[in-house]
Structures are given as C-alpha cells and as structure tokens.
Amino acid sequence: MDLNEILVFTRVVQAGSFIAASARLGIPKSTVSRKVADLEKRLNARLLQRTTRKLSLTDVGRTYFDQCARIVSEIEDAERAAVLGPIISEYLKRYPDVRVELVATTRTVDLVEERFDVGIRAGTLPDSTLVARSLGRMTWVLVATPAYLKKRGRPRTPEDLQKHDFVFFGAGLDGVDPRLEKDGRAVQLALSPRLSANETDLLRAVVTAGLGIGALPAFYCVEDLRARRLLRVLPDWNTPSTPVHAVYPSTRQISPKVKTFLEHLQAHLTPPPWELPRNT
C-alpha cells in the first residue's frame with residue numbers, strides 16, 4: 001500500500017480536478033496524474049472516469065474513496081496532534097492552573113453548538129460569521145546535523161539535495177516533490193526519501209541521529225539550531241508556508257485564558273527570523 005498515492009487520489013476527488021488537487025498539494029499536475037495512474041494500475045481497476053469537463057468516480061472508485069478518505073482523515077488528525085503537542089505542553093507549564101481540552105479533527109466544528117472556546121484552522125478560510133485572528137504561517141526549514149554535513153557535504157543549490165539522504169514528513173516512498181522558493185524563483189524537486197513518516201518526533205529523532213537532511217517545522221527545531229545540534233541547509237530557500245488562524249464566535253467575549261492561549265500560539269507557531277540561526 002502506498003499512502004502517498006492514496007493521499008493524492010483523495011485530494012483529486014475532494015478538489016474535483018487534477019489541477020485543483022495539484023494547487024492544493026503544491027505538486028505538479030503531471031505528478032498528480034502519475035500517482036493516480038499508478039494507483040489504478042496497482043489495483044488493476046479504474047477509479048475515475050475522465051472527460052474534458054469533469055471527473056466522476058466509478059462504482060469501484062466510490063467504494064475505494066470512502067475508505068481512503070477515512071485513512072487520510074486519521075493521518076491528518078495525527079499530524080495536527082504532532083504539530084501542536086510541544087506548543088500545548090509549554091503552555092501548560094507556563095499556566096499550571098489552566099486546563100485544556102484539545103480535539104484534533106478534520107471535520108468543520110460548530111464552535112457555538114459544541115461549546116468550543118476557539119478553533120485552530122490551517123489553509124484558506126471560508127466566509128463565515130466567526131472572528132479570525134492570524135497566528136502567522138506554518139513554516140518548515142531544512143536541517144541536518146553537523147556530522148552529517150561534514151561527511152556528505154553541505155548542499156549549495158536545491159538540486160544538490162538529490163545527492164543526499166532525505167527525510168520527509170508525509171506518506172509514501174515513491175518520490176516526493178518538495179517546492180523551494182527564493183526571490184520570486186521556484187524550484188520543484190523530485191526526491192526519493194530515505195524515510196517518509198507522518199510523526200514529527202520520529203523525524204526529528206532520525207535527523208538528529210545524523211541519518212539525513214530533513215524538513216521540520218521551524219518552531220520545532222529552534223532550540224536544536226541555537227545549540228548547533230542541527231544546522232540550517234539552504235537557509236536562503238524557503239518551503240511554501242500555510243496560513244494558520246484562530247477562529248472564535250463573534251458573539252462570545254474572549255476570556256483571559258483564551259487570550260493568553262492565542263498569544264502563546266502566535267508566538268510559537270511562526271518564530272521570527274532572528275530566532276532561526278542561519279548556521280552559515
């Protein structure tokens with residue numbers, strides 16, 4: 001089973017087209033088409049009916065999609081927990097009298113009906129009556145240990161990454177296509193990761209063990225960079241970031257504990273540039 005193919009197929013169905021799925025995933029349309037074709041070949045079944053105007057699921061495709069959507073939803077829940085875990089832990093240490101109930105889910109929660117104080121949502125927000133407060137953008141940085149870079153050499157261009165062991169946050173080993181940007185220029189790479197996983201702690205452990213170059217959340221590796229346990233790789237190049245917002249009902253007064261929680265999230269989700277050593 002290739003989870004990367006499952007993710008791409010699910011996104012194509014949810015987005016309604018290969019082009020829309022490509023934009024949502026941040027990978028070329030040709031890669032999206034190839035992943036779906038490889039999946040159909042592996043299953044020996046046609047999942048999508050393609051016409052010039054629209055896509056539709058076959059009977060087999062509908063059954064398969066229902067299962068895939070559940071799998072992708074569970075993976076996304078795990079990713080949210082992995083990303084927020086360290087931030088929540090630090091908040092609880094700072095405010096020992098505050099109790100937090102964290103629910104990670106891919107469904108759209110009715111904050112009023114279900115009595116949630118605040119929701120954290122990544123990506124473009126739909127129009128709603130909720131008040132949205134920007135928490136910044138989720139950024140990722142390329143890092144490796146000094147020992148690994150001394151042994152294998154430091155990449156000088158994005159293309160040099162193809163000569164290195166790469167550790168990737170995601171699913172599947174059948175090639176990944178990270179996008180790097182610099183001064184208006186974008187490079188889309190085709191890499192074969194040595195390890196692909198959707199668990200941030202595991203990726204960090206593998207990278208800090210010197211087993212390759214990895215892409216980690218910026219806030220997650222600030223201390224490692226300061227202590228020079230990890231060094232930045234290609235610090236002038238950026239991976240695409242995702243907007244993150246806190247949303248809450250417009251009719252509800254923000255309590256002091258929610259206010260401190262939002263301020264904590266805002267400060268830790270997007271470390272300012274001066275908190276990320278370049279290690280050049």
# chains A, B, ... in the order shown; residues from 1 in each chain; ligands from 1
call {"tool": "residues_around", "arguments": {"residues": "stretch 4-20 of chain A", "least_positions_apart": "5", "cutoff": "7 Å", "atoms": "only C-alpha atoms", "output": "VMD selection string"}}
result
chain A and resid 29 32 to 33 35 to 36 39 55 65 68 to 69 72 171 to 172
call {"tool": "select_by_dssp", "arguments": {"residues": "stretch 47-238 of chain A", "states": "helix (DSSP H, G or I)", "output": "number ranges by chain"}}
result
A: 59-94, 146-152, 158-163, 200-208, 218-220, 222-226
call {"tool": "atom_distance", "arguments": {"atom1": "atom CA of A:Asp38", "atom2": "atom CA of A:Val167"}}
result
22.9 Å
call {"tool": "select_by_dssp", "arguments": {"residues": "stretch 30-259 of chain A", "states": "strand (DSSP E or B)", "output": "PyMOL selection string"}}
result
chain A and resi 48-50+55-57+119-122+130-138+140-144+166-169+176+179-182+185-188+191+195-197+213-217+231-232+238+242-249
call {"tool": "residues_around", "arguments": {"residues": "A:Leu48", "least_positions_apart": "4", "cutoff": "6 Å", "atoms": "only C-alpha atoms", "output": "PDB file with N, CA and C atoms, in the first residue's frame"}}
result
ATOM      1  N   SER A  56     -15.507  11.904 -12.515  1.00  0.00           N
ATOM      2  CA  SER A  56     -16.523  11.217 -11.722  1.00  0.00           C
ATOM      3  C   SER A  56     -15.959   9.880 -11.277  1.00  0.00           C
ATOM      4  N   LEU A  57     -16.426   9.415 -10.145  1.00  0.00           N
ATOM      5  CA  LEU A  57     -15.970   8.138  -9.600  1.00  0.00           C
ATOM      6  C   LEU A  57     -16.711   6.978 -10.237  1.00  0.00           C
ATOM      7  N   THR A  58     -15.986   5.903 -10.490  1.00  0.00           N
ATOM      8  CA  THR A  58     -16.634   4.657 -10.876  1.00  0.00           C
ATOM      9  C   THR A  58     -17.209   4.021  -9.610  1.00  0.00           C
TER      10      THR A  58
END
call {"tool": "closest_residue", "arguments": {"among": "A:Arg137, A:Arg42, A:Arg115, A:His245", "to": "A:Ala218", "atoms": "only C-alpha atoms"}}
result
A:Arg137
